[in-house]
file query22.cif (mmCIF, C-alpha atoms)
data_upload
loop_
_atom_site.label_atom_id
_atom_site.label_comp_id
_atom_site.auth_asym_id
_atom_site.auth_seq_id
_atom_site.Cartn_x
_atom_site.Cartn_y
_atom_site.Cartn_z
CA MET B 1 -52.61 115.44 -29.53
CA SER B 2 -53.57 113.20 -32.42
CA ASP B 3 -56.40 113.86 -34.85
CA LEU B 4 -57.91 110.45 -34.25
CA GLY B 5 -61.11 112.06 -32.98
CA MET B 6 -61.99 113.04 -36.56
CA LYS B 7 -64.44 110.80 -38.41
CA MET B 8 -62.47 108.63 -40.80
CA ASP B 9 -63.62 106.83 -43.92
CA LEU B 10 -60.73 104.47 -44.55
CA PRO B 11 -60.43 101.65 -47.06
CA ARG B 12 -59.86 98.30 -45.39
CA PRO B 13 -56.27 97.24 -46.06
CA GLU B 14 -54.87 94.14 -47.73
CA MET B 15 -52.56 91.85 -45.75
CA PHE B 16 -49.06 91.08 -47.03
CA ASP B 17 -45.92 89.35 -45.85
CA PHE B 18 -43.48 91.77 -44.25
CA HIS B 19 -40.12 90.33 -43.10
CA GLY B 20 -41.90 87.02 -42.52
CA VAL B 21 -44.85 88.50 -40.57
CA THR B 22 -48.37 89.19 -41.89
CA MET B 23 -48.94 92.96 -41.77
CA VAL B 24 -50.99 95.80 -43.30
CA HIS B 25 -49.58 99.10 -44.52
CA TYR B 26 -51.01 101.12 -41.62
CA PHE B 27 -48.37 99.50 -39.39
CA THR B 28 -45.43 99.38 -41.82
CA ASP B 29 -45.61 102.72 -43.66
CA SER B 30 -43.48 104.44 -41.02
CA TRP B 31 -41.12 101.43 -40.63
CA ASP B 32 -37.81 103.25 -41.23
CA LYS B 33 -38.71 106.07 -38.88
CA VAL B 34 -39.91 103.63 -36.22
CA GLN B 35 -36.74 101.54 -36.49
CA ASN B 36 -34.65 104.68 -35.96
CA PHE B 37 -36.64 105.75 -32.89
CA GLN B 38 -34.37 107.00 -30.13
CA ALA B 39 -35.50 105.40 -26.90
CA ARG B 40 -34.53 106.87 -23.54
CA PRO B 41 -33.42 104.72 -20.61
CA ASP B 42 -36.60 105.51 -18.66
CA ASP B 43 -39.02 104.78 -21.53
CA ILE B 44 -41.48 101.99 -20.82
CA LEU B 45 -42.71 99.81 -23.67
CA ILE B 46 -45.98 97.92 -23.31
CA ALA B 47 -46.12 95.11 -25.85
CA THR B 48 -48.90 92.65 -26.66
CA TYR B 49 -50.42 90.63 -29.45
CA PRO B 50 -53.54 92.62 -30.46
CA LYS B 51 -56.51 92.24 -28.07
CA ALA B 52 -54.53 90.65 -25.25
CA GLY B 53 -55.07 93.39 -22.66
CA THR B 54 -53.08 96.26 -24.16
CA THR B 55 -55.36 99.07 -23.05
CA TRP B 56 -55.71 97.54 -19.60
CA GLY B 57 -51.94 97.38 -19.16
CA SER B 58 -51.52 100.87 -20.63
CA LEU B 59 -54.00 102.38 -18.20
CA ILE B 60 -52.45 100.62 -15.20
CA LEU B 61 -49.02 102.01 -16.17
CA ASP B 62 -50.38 105.49 -16.85
CA LEU B 63 -52.19 105.60 -13.49
CA LEU B 64 -49.18 104.26 -11.61
CA TYR B 65 -46.97 107.04 -12.95
CA PHE B 66 -49.35 109.96 -13.45
CA GLY B 67 -52.62 109.24 -11.65
CA LYS B 68 -51.56 111.21 -8.60
CA THR B 69 -49.38 113.92 -10.16
CA SER B 70 -51.53 114.71 -13.23
CA PRO B 71 -55.12 113.66 -12.46
CA GLU B 72 -56.46 116.00 -15.14
CA ARG B 73 -54.91 113.73 -17.82
CA GLN B 74 -57.39 111.02 -16.86
CA THR B 75 -60.43 113.11 -17.80
CA SER B 76 -59.10 115.13 -20.73
CA ILE B 77 -56.67 113.00 -22.77
CA PRO B 78 -57.68 109.68 -24.38
CA ILE B 79 -55.50 106.71 -23.50
CA TYR B 80 -54.33 106.41 -27.14
CA ASP B 81 -52.76 109.89 -26.82
CA ARG B 82 -51.31 109.25 -23.35
CA VAL B 83 -49.79 105.94 -24.46
CA PRO B 84 -49.17 106.28 -28.21
CA PHE B 85 -49.15 103.30 -30.56
CA LEU B 86 -45.60 103.36 -31.92
CA GLU B 87 -46.07 101.80 -35.37
CA ILE B 88 -49.49 103.16 -36.40
CA TYR B 89 -49.56 105.46 -39.39
CA ILE B 90 -52.86 106.71 -40.75
CA PRO B 91 -52.45 109.32 -43.48
CA SER B 92 -53.68 112.82 -42.53
CA VAL B 93 -53.50 111.78 -38.88
CA LYS B 94 -50.48 112.21 -36.64
CA SER B 95 -48.38 109.06 -36.69
CA GLY B 96 -47.63 107.01 -33.60
CA ILE B 97 -43.91 107.68 -33.96
CA ASP B 98 -44.49 111.45 -34.02
CA GLN B 99 -46.70 111.18 -30.99
CA ALA B 100 -44.12 109.09 -29.12
CA GLU B 101 -41.34 111.54 -29.95
CA SER B 102 -43.38 114.50 -28.71
CA LEU B 103 -44.68 112.92 -25.48
CA PRO B 104 -44.24 115.46 -22.67
CA THR B 105 -44.17 112.88 -19.88
CA THR B 106 -41.30 111.29 -18.01
CA PRO B 107 -41.32 108.36 -18.32
CA ARG B 108 -42.77 108.00 -21.79
CA ILE B 109 -45.11 105.01 -21.93
CA ILE B 110 -45.33 103.65 -25.48
CA LYS B 111 -47.32 100.71 -26.82
CA THR B 112 -46.54 98.28 -29.61
CA HIS B 113 -48.00 95.12 -31.11
CA PHE B 114 -44.71 94.28 -32.81
CA PRO B 115 -43.31 90.78 -32.56
CA VAL B 116 -40.14 90.96 -30.51
CA GLN B 117 -37.81 90.96 -33.54
CA PHE B 118 -39.43 94.19 -34.86
CA VAL B 119 -38.80 96.26 -31.71
CA PRO B 120 -36.48 99.22 -32.53
CA LYS B 121 -32.96 98.44 -31.39
CA SER B 122 -32.57 101.55 -29.23
CA PHE B 123 -35.07 100.09 -26.71
CA TRP B 124 -32.65 97.20 -26.13
CA GLU B 125 -29.56 99.42 -26.19
CA GLN B 126 -31.07 101.70 -23.55
CA ASN B 127 -32.09 98.68 -21.46
CA CYS B 128 -35.69 99.96 -21.33
CA LYS B 129 -38.25 98.27 -19.14
CA MET B 130 -40.85 96.36 -21.14
CA VAL B 131 -44.19 95.00 -20.00
CA TYR B 132 -45.62 92.18 -22.11
CA VAL B 133 -49.25 91.07 -21.66
CA ALA B 134 -50.26 87.66 -23.03
CA ARG B 135 -53.76 86.19 -23.28
CA ASN B 136 -54.79 82.61 -23.94
CA ALA B 137 -55.07 81.88 -27.65
CA LYS B 138 -58.77 80.96 -27.71
CA ASP B 139 -60.04 84.12 -26.03
CA ASN B 140 -57.49 86.21 -27.88
CA MET B 141 -58.78 84.84 -31.20
CA VAL B 142 -62.42 85.61 -30.32
CA SER B 143 -61.59 89.13 -29.17
CA TYR B 144 -59.50 89.81 -32.27
CA PHE B 145 -62.32 88.54 -34.51
CA HIS B 146 -64.83 91.00 -33.05
CA PHE B 147 -62.23 93.77 -33.15
CA ASP B 148 -61.51 93.15 -36.83
CA ARG B 149 -65.23 93.34 -37.57
CA MET B 150 -65.43 96.93 -36.31
CA ASN B 151 -61.98 98.40 -36.98
CA MET B 152 -61.50 99.93 -40.42
CA VAL B 153 -57.67 99.86 -40.30
CA GLN B 154 -57.87 96.04 -40.07
CA PRO B 155 -58.77 93.66 -42.92
CA ASP B 156 -62.33 92.36 -43.01
CA PRO B 157 -62.34 89.20 -40.88
CA GLY B 158 -64.80 87.25 -43.02
CA ASP B 159 -66.77 84.48 -41.32
CA TRP B 160 -65.79 82.92 -37.99
CA ASN B 161 -64.70 79.55 -39.39
CA SER B 162 -62.27 81.02 -41.93
CA TYR B 163 -60.97 83.42 -39.26
CA PHE B 164 -60.43 80.49 -36.89
CA HIS B 165 -58.22 78.78 -39.48
CA ARG B 166 -56.35 81.96 -40.40
CA PHE B 167 -55.51 82.46 -36.71
CA MET B 168 -54.01 78.98 -36.55
CA GLU B 169 -52.05 79.68 -39.75
CA GLY B 170 -50.73 82.98 -38.36
CA LYS B 171 -52.35 84.89 -41.22
CA LEU B 172 -53.63 87.81 -39.13
CA VAL B 173 -52.18 91.30 -38.72
CA PHE B 174 -49.04 91.17 -36.55
CA GLY B 175 -48.63 87.56 -37.54
CA SER B 176 -48.83 84.36 -35.55
CA TRP B 177 -50.06 84.48 -31.94
CA TYR B 178 -47.90 81.42 -31.27
CA ASP B 179 -44.71 83.08 -32.51
CA HIS B 180 -45.57 86.33 -30.73
CA VAL B 181 -46.10 84.92 -27.24
CA ASN B 182 -43.28 82.38 -27.54
CA ASN B 183 -40.63 84.75 -28.88
CA TRP B 184 -41.34 87.42 -26.27
CA TRP B 185 -41.16 84.68 -23.62
CA LYS B 186 -37.81 83.46 -25.00
CA LYS B 187 -36.44 87.01 -25.05
CA LYS B 188 -37.23 87.30 -21.35
CA GLN B 189 -34.67 84.57 -20.67
CA THR B 190 -31.82 86.75 -22.01
CA TYR B 191 -33.18 90.28 -21.38
CA SER B 192 -34.08 90.73 -17.72
CA ASN B 193 -36.06 93.96 -18.15
CA ILE B 194 -39.17 92.23 -19.53
CA HIS B 195 -42.09 91.72 -17.15
CA TYR B 196 -44.38 89.06 -18.66
CA MET B 197 -47.99 89.26 -17.48
CA PHE B 198 -50.97 87.04 -18.18
CA TYR B 199 -54.42 88.45 -18.84
CA GLU B 200 -55.97 85.56 -16.91
CA ASP B 201 -53.87 86.34 -13.82
CA MET B 202 -54.94 89.98 -14.06
CA ILE B 203 -58.61 88.92 -14.17
CA GLU B 204 -58.13 86.53 -11.26
CA ASP B 205 -56.41 89.02 -8.94
CA THR B 206 -55.76 92.48 -10.35
CA GLY B 207 -54.25 93.76 -7.09
CA ARG B 208 -51.71 90.94 -6.90
CA GLU B 209 -50.64 91.55 -10.50
CA ILE B 210 -50.32 95.31 -9.94
CA ASP B 211 -48.11 94.56 -6.90
CA LYS B 212 -45.83 92.36 -9.04
CA LEU B 213 -45.71 95.05 -11.72
CA CYS B 214 -44.80 97.70 -9.12
CA PHE B 215 -41.99 95.50 -7.84
CA PHE B 216 -40.63 95.21 -11.40
CA LEU B 217 -40.90 98.98 -11.95
CA GLY B 218 -39.52 99.90 -8.54
CA LEU B 219 -42.69 101.74 -7.54
CA SER B 220 -44.41 101.73 -4.17
CA PRO B 221 -47.83 103.41 -4.39
CA SER B 222 -49.75 104.10 -1.17
CA ALA B 223 -52.75 101.94 -0.29
CA GLU B 224 -55.02 104.82 -1.28
CA GLU B 225 -53.34 105.27 -4.67
CA LYS B 226 -53.54 101.54 -5.30
CA ASN B 227 -57.26 101.52 -4.45
CA GLN B 228 -57.86 104.38 -6.87
CA ILE B 229 -55.97 102.53 -9.60
CA MET B 230 -57.89 99.31 -8.89
CA TYR B 231 -61.17 101.21 -9.27
CA GLY B 232 -60.09 102.96 -12.47
CA VAL B 233 -58.95 99.78 -14.18
CA GLN B 234 -62.05 97.66 -13.48
CA PHE B 235 -63.41 96.56 -16.85
CA ASP B 236 -66.86 98.10 -16.42
CA ASN B 237 -65.34 101.44 -15.41
CA MET B 238 -62.98 101.40 -18.39
CA LYS B 239 -65.86 100.50 -20.71
CA LYS B 240 -67.89 103.49 -19.46
CA ASN B 241 -64.94 105.89 -19.54
CA ASP B 242 -64.74 107.79 -22.85
CA MET B 243 -61.02 108.40 -22.25
CA THR B 244 -60.32 104.64 -22.23
CA ASN B 245 -63.07 102.97 -24.29
CA TYR B 246 -61.93 104.28 -27.71
CA SER B 247 -65.37 105.76 -28.43
CA THR B 248 -63.55 108.90 -29.65
CA PHE B 249 -61.28 106.90 -32.00
CA HIS B 250 -63.17 107.15 -35.25
CA VAL B 251 -61.62 104.37 -37.28
CA MET B 252 -63.91 102.03 -35.33
CA ASP B 253 -67.58 101.31 -35.90
CA PHE B 254 -69.24 100.84 -32.51
CA LYS B 255 -72.51 99.92 -34.25
CA ILE B 256 -70.83 96.62 -35.23
CA SER B 257 -69.12 95.91 -31.89
CA THR B 258 -67.66 97.89 -29.00
CA PHE B 259 -63.89 98.18 -28.55
CA MET B 260 -64.32 96.84 -25.02
CA ARG B 261 -66.68 93.94 -25.38
CA LYS B 262 -66.65 91.51 -22.45
CA GLY B 263 -63.23 91.50 -20.82
CA GLU B 264 -63.54 88.00 -19.45
CA VAL B 265 -61.88 84.59 -19.55
CA GLY B 266 -63.70 81.76 -21.32
CA ASP B 267 -65.81 83.58 -23.92
CA TRP B 268 -64.25 81.22 -26.50
CA LYS B 269 -66.79 78.61 -25.33
CA ASN B 270 -69.52 80.74 -26.95
CA HIS B 271 -67.73 80.66 -30.32
CA PHE B 272 -65.79 77.40 -30.72
CA THR B 273 -67.71 74.34 -31.92
CA VAL B 274 -66.73 70.99 -30.38
CA ALA B 275 -65.00 70.06 -33.65
CA GLN B 276 -63.12 73.38 -33.78
CA ASN B 277 -61.98 72.92 -30.21
CA GLU B 278 -60.62 69.45 -30.93
CA GLU B 279 -58.83 70.65 -34.06
CA PHE B 280 -57.44 73.63 -32.17
CA GLU B 281 -56.19 71.60 -29.19
CA GLU B 282 -54.40 69.10 -31.41
CA ASP B 283 -52.67 71.88 -33.36
CA TYR B 284 -51.87 73.82 -30.17
CA LYS B 285 -49.94 70.93 -28.63
CA LYS B 286 -47.68 70.76 -31.68
CA ARG B 287 -46.90 74.47 -31.62
CA MET B 288 -46.57 75.18 -27.90
CA THR B 289 -43.59 72.99 -27.16
CA ASP B 290 -42.01 75.21 -24.48
CA HIS B 291 -43.73 73.87 -21.39
CA THR B 292 -42.41 76.68 -19.22
CA LEU B 293 -45.01 78.90 -20.94
CA GLN B 294 -48.46 77.88 -19.75
CA PHE B 295 -51.83 79.51 -20.43
CA ARG B 296 -55.19 79.08 -18.75
CA THR B 297 -58.42 79.09 -20.77
CA GLU B 298 -60.58 79.42 -17.66
CA VAL B 299 -60.12 80.99 -14.24
#

call {"tool": "encode", "arguments": {"input": "query22.cif", "output": "structure tokens"}}
result
Amino acid sequence: MSDLGMKMDLPRPEMFDFHGVTMVHYFTDSWDKVQNFQARPDDILIATYPKAGTTWGSLILDLLYFGKTSPERQTSIPIYDRVPFLEIYIPSVKSGIDQAESLPTTPRIIKTHFPVQFVPKSFWEQNCKMVYVARNAKDNMVSYFHFDRMNMVQPDPGDWNSYFHRFMEGKLVFGSWYDHVNNWWKKKQTYSNIHYMFYEDMIEDTGREIDKLCFFLGLSPSAEEKNQIMYGVQFDNMKKNDMTNYSTFHVMDFKISTFMRKGEVGDWKNHFTVAQNEEFEEDYKKRMTDHTLQFRTEV
């Protein structure tokens, strides 16, 4: 168990360049230990750019593997303890790497926001299965903005317009969205054990996307199990569920914004001005040159 249920009064961190990626110390302080992590062949890594559907993917995986065999986990252990965050290190709180190493489950499901080049090498050596969830840049930016407003281990986001430009410059924690989604996509071409999912597809038809995920994982849940999972992973149910909504994770200020805010496609339209949208689209075309990777900004 972590101590993340304790109330924390943390100073907001400064961003700095770390091996070419914008980071904060909370995610680099345990770097050497994380890089030397010993993965097992049956470990499953869930990777995303922040606020792209990480918790959603984590819960789906956790329910697929343990929903039937260990139902008590669902009501007693927060998702951030069931699926530890590999690179997080908050002083006086158990680190993500320690949590991952002491996970009692088989398989171990571990989450990361690392760009693909930061993933510890043992995951590749052990040919671990990896699930990557990607979300369209506009909604991802909006979600990350609201998240940064309420999360004390993230830098203060400032106003929306400056945040909008920093996103395009890749000057947010875990670096450039463009690099993140593109480099994980490229890796998939040479490493077959990556299943690349899109948040928008999951919104459009959660059942279909769970079926594809099961095929990748070699799982075949019963119709009843699948229905239970579908119910558990509906956004409104996750938002109400204290084991998944991060209300017990006290580095976040829910008075500013909730961890789970809207969970929809297209909220960017409530934030982007017409001028911002034009500027964004022009820039996006220049950066997203691999036309095999396509995102939808509405469903």

call {"tool": "resolve_selection", "arguments": {"input": "query22.cif", "expression": "the PyMOL selection byres ((chain B and resi 221) around 12)", "output": "ChimeraX atom specification"}}
result
/B:61,63-68,207,210-211,213-215,217-220,222-230

call {"tool": "resolve_selection", "arguments": {"input": "query22.cif", "expression": "the PyMOL selection byres ((chain B and resi 294) around 12)", "output": "list in words"}}
result
Ala134, Arg135, Asn136, Ala137, Val181, Asn182, Trp185, Tyr196, Met197, Phe198, Glu200, Asp201, Tyr284, Lys285, Met288, Thr289, Asp290, His291, Thr292, Leu293, Phe295, Arg296 and Thr297 of chain B

call {"tool": "closest_residue", "arguments": {"input": "query22.cif", "among": "B:Lys51, B:His271, B:Arg12, B:Arg287", "to": "Asn161 in chain B", "atoms": "only C-alpha atoms"}}
result
B:His271

call {"tool": "axis_aligned_box", "arguments": {"input": "query22.cif", "around": "range 266-270 of chain B", "padding_each_side": "6 Å", "output": "JSON"}}
result
{"center_x": -66.6, "center_y": 81.1, "center_z": -24.1, "size_x": 17.8, "size_y": 17.0, "size_z": 17.6}

call {"tool": "closest_residue", "arguments": {"input": "query22.cif", "among": "B:Glu87, B:Gly158, B:Pro11, B:Tyr199", "to": "Thr55 in chain B", "atoms": "all atoms listed in the file"}}
result
B:Tyr199

call {"tool": "atom_distance", "arguments": {"input": "query22.cif", "atom1": "CA of Ser58 in chain B", "atom2": "CA of Val34 in chain B"}}
result
19.6 Å

call {"tool": "resolve_selection", "arguments": {"input": "query22.cif", "expression": "the PyMOL selection byres ((chain B and resi 109) around 8)", "output": "ChimeraX atom specification"}}
result
/B:43-46,58,61-62,82-84,107-108,110-111

call {"tool": "closest_residue", "arguments": {"input": "query22.cif", "among": "B:Tyr191, B:Phe27, B:Tyr49, B:Ile60", "to": "Gln234 in chain B", "atoms": "only C-alpha atoms"}}
result
B:Ile60

call {"tool": "atom_distance", "arguments": {"input": "query22.cif", "atom1": "CA of Val93 in chain B", "atom2": "CA of Phe37 in chain B"}}
result
18.9 Å

call {"tool": "residues_around", "arguments": {"input": "query22.cif", "residues": "range 112-115 of chain B", "least_positions_apart": "6", "cutoff": "6 Å", "atoms": "only C-alpha atoms", "output": "list in words"}}
result
Ala47, Thr48, Tyr49, Phe85, Leu86 and His180 of chain B

call {"tool": "write_last_selection", "arguments": {"input": "query22.cif", "atoms": "C-alpha atoms", "output": "PDB file, in the coordinates of the input"}}
result
ATOM      1  CA  ALA B  47     -46.120  95.110 -25.850  1.00  0.00           C
ATOM      2  CA  THR B  48     -48.900  92.650 -26.660  1.00  0.00           C
ATOM      3  CA  TYR B  49     -50.420  90.630 -29.450  1.00  0.00           C
ATOM      4  CA  PHE B  85     -49.150 103.300 -30.560  1.00  0.00           C
ATOM      5  CA  LEU B  86     -45.600 103.360 -31.920  1.00  0.00           C
ATOM      6  CA  HIS B 180     -45.570  86.330 -30.730  1.00  0.00           C
TER       7      HIS B 180
END

call {"tool": "closest_residue", "arguments": {"input": "query22.cif", "among": "B:Val119, B:Phe145, B:Tyr26, B:Glu278", "to": "Gly96 in chain B", "atoms": "only C-alpha atoms"}}
result
B:Tyr26

call {"tool": "closest_residue", "arguments": {"input": "query22.cif", "among": "B:Leu59, B:Met168, B:Met15, B:Ala39", "to": "Gln276 in chain B", "atoms": "only C-alpha atoms"}}
result
B:Met168

call {"tool": "atom_distance", "arguments": {"input": "query22.cif", "atom1": "CA of His25 in chain B", "atom2": "CA of Arg166 in chain B"}}
result
18.9 Å

call {"tool": "closest_residue", "arguments": {"input": "query22.cif", "among": "B:Ser122, B:Ser176, B:Asn270, B:Asn140", "to": "Gln38 in chain B", "atoms": "all atoms listed in the file"}}
result
B:Ser122

call {"tool": "decode", "arguments": {"input": "query22.cif", "residues": "range 99-116 of chain B", "atoms": "N, CA and C atoms", "output": "JSON list (two decimals), in the first residue's frame"}}
result
[["chain", "number", "residue", "atom", "x", "y", "z"],
["B", 99, "GLN", "N", 6.51, 0.19, -5.19],
["B", 99, "GLN", "CA", 5.18, -0.41, -5.31],
["B", 99, "GLN", "C", 5.16, -1.49, -6.39],
["B", 100, "ALA", "N", 5.74, -1.16, -7.55],
["B", 100, "ALA", "CA", 5.75, -2.11, -8.66],
["B", 100, "ALA", "C", 6.48, -3.39, -8.27],
["B", 101, "GLU", "N", 7.62, -3.21, -7.59],
["B", 101, "GLU", "CA", 8.43, -4.38, -7.22],
["B", 101, "GLU", "C", 7.74, -5.25, -6.17],
["B", 102, "SER", "N", 6.85, -4.65, -5.38],
["B", 102, "SER", "CA", 6.19, -5.45, -4.34],
["B", 102, "SER", "C", 4.75, -5.83, -4.69],
["B", 103, "LEU", "N", 4.36, -5.63, -5.96],
["B", 103, "LEU", "CA", 3.00, -6.03, -6.35],
["B", 103, "LEU", "C", 2.81, -7.52, -6.14],
["B", 104, "PRO", "N", 1.71, -7.92, -5.48],
["B", 104, "PRO", "CA", 1.49, -9.35, -5.23],
["B", 104, "PRO", "C", 0.82, -10.08, -6.39],
["B", 105, "THR", "N", 0.39, -9.35, -7.40],
["B", 105, "THR", "CA", -0.43, -9.96, -8.45],
["B", 105, "THR", "C", 0.41, -10.60, -9.56],
["B", 106, "THR", "N", -0.19, -11.53, -10.24],
["B", 106, "THR", "CA", 0.35, -12.07, -11.48],
["B", 106, "THR", "C", -0.78, -12.06, -12.50],
["B", 107, "PRO", "N", -0.67, -11.31, -13.57],
["B", 107, "PRO", "CA", 0.45, -10.45, -13.93],
["B", 107, "PRO", "C", 0.50, -9.18, -13.07],
["B", 108, "ARG", "N", 1.64, -8.50, -13.13],
["B", 108, "ARG", "CA", 1.73, -7.16, -12.56],
["B", 108, "ARG", "C", 1.34, -6.17, -13.66],
["B", 109, "ILE", "N", 0.41, -5.29, -13.35],
["B", 109, "ILE", "CA", 0.01, -4.25, -14.31],
["B", 109, "ILE", "C", 0.62, -2.95, -13.80],
["B", 110, "ILE", "N", 1.42, -2.31, -14.64],
["B", 110, "ILE", "CA", 2.21, -1.15, -14.22],
["B", 110, "ILE", "C", 1.96, -0.03, -15.23],
["B", 111, "LYS", "N", 1.82, 1.19, -14.71],
["B", 111, "LYS", "CA", 1.57, 2.31, -15.64],
["B", 111, "LYS", "C", 2.78, 3.23, -15.74],
["B", 112, "THR", "N", 2.89, 3.87, -16.88],
["B", 112, "THR", "CA", 3.94, 4.85, -17.09],
["B", 112, "THR", "C", 3.44, 5.95, -18.03],
["B", 113, "HIS", "N", 3.99, 7.14, -17.86],
["B", 113, "HIS", "CA", 3.78, 8.22, -18.83],
["B", 113, "HIS", "C", 5.07, 8.48, -19.62],
["B", 114, "PHE", "N", 6.05, 7.62, -19.47],
["B", 114, "PHE", "CA", 7.33, 7.83, -20.15],
["B", 114, "PHE", "C", 7.17, 7.84, -21.67],
["B", 115, "PRO", "N", 7.90, 8.73, -22.34],
["B", 115, "PRO", "CA", 8.06, 8.55, -23.79],
["B", 115, "PRO", "C", 8.77, 7.22, -24.02],
["B", 116, "VAL", "N", 8.60, 6.66, -25.19],
["B", 116, "VAL", "CA", 9.02, 5.28, -25.43],
["B", 116, "VAL", "C", 10.51, 5.06, -25.15]]
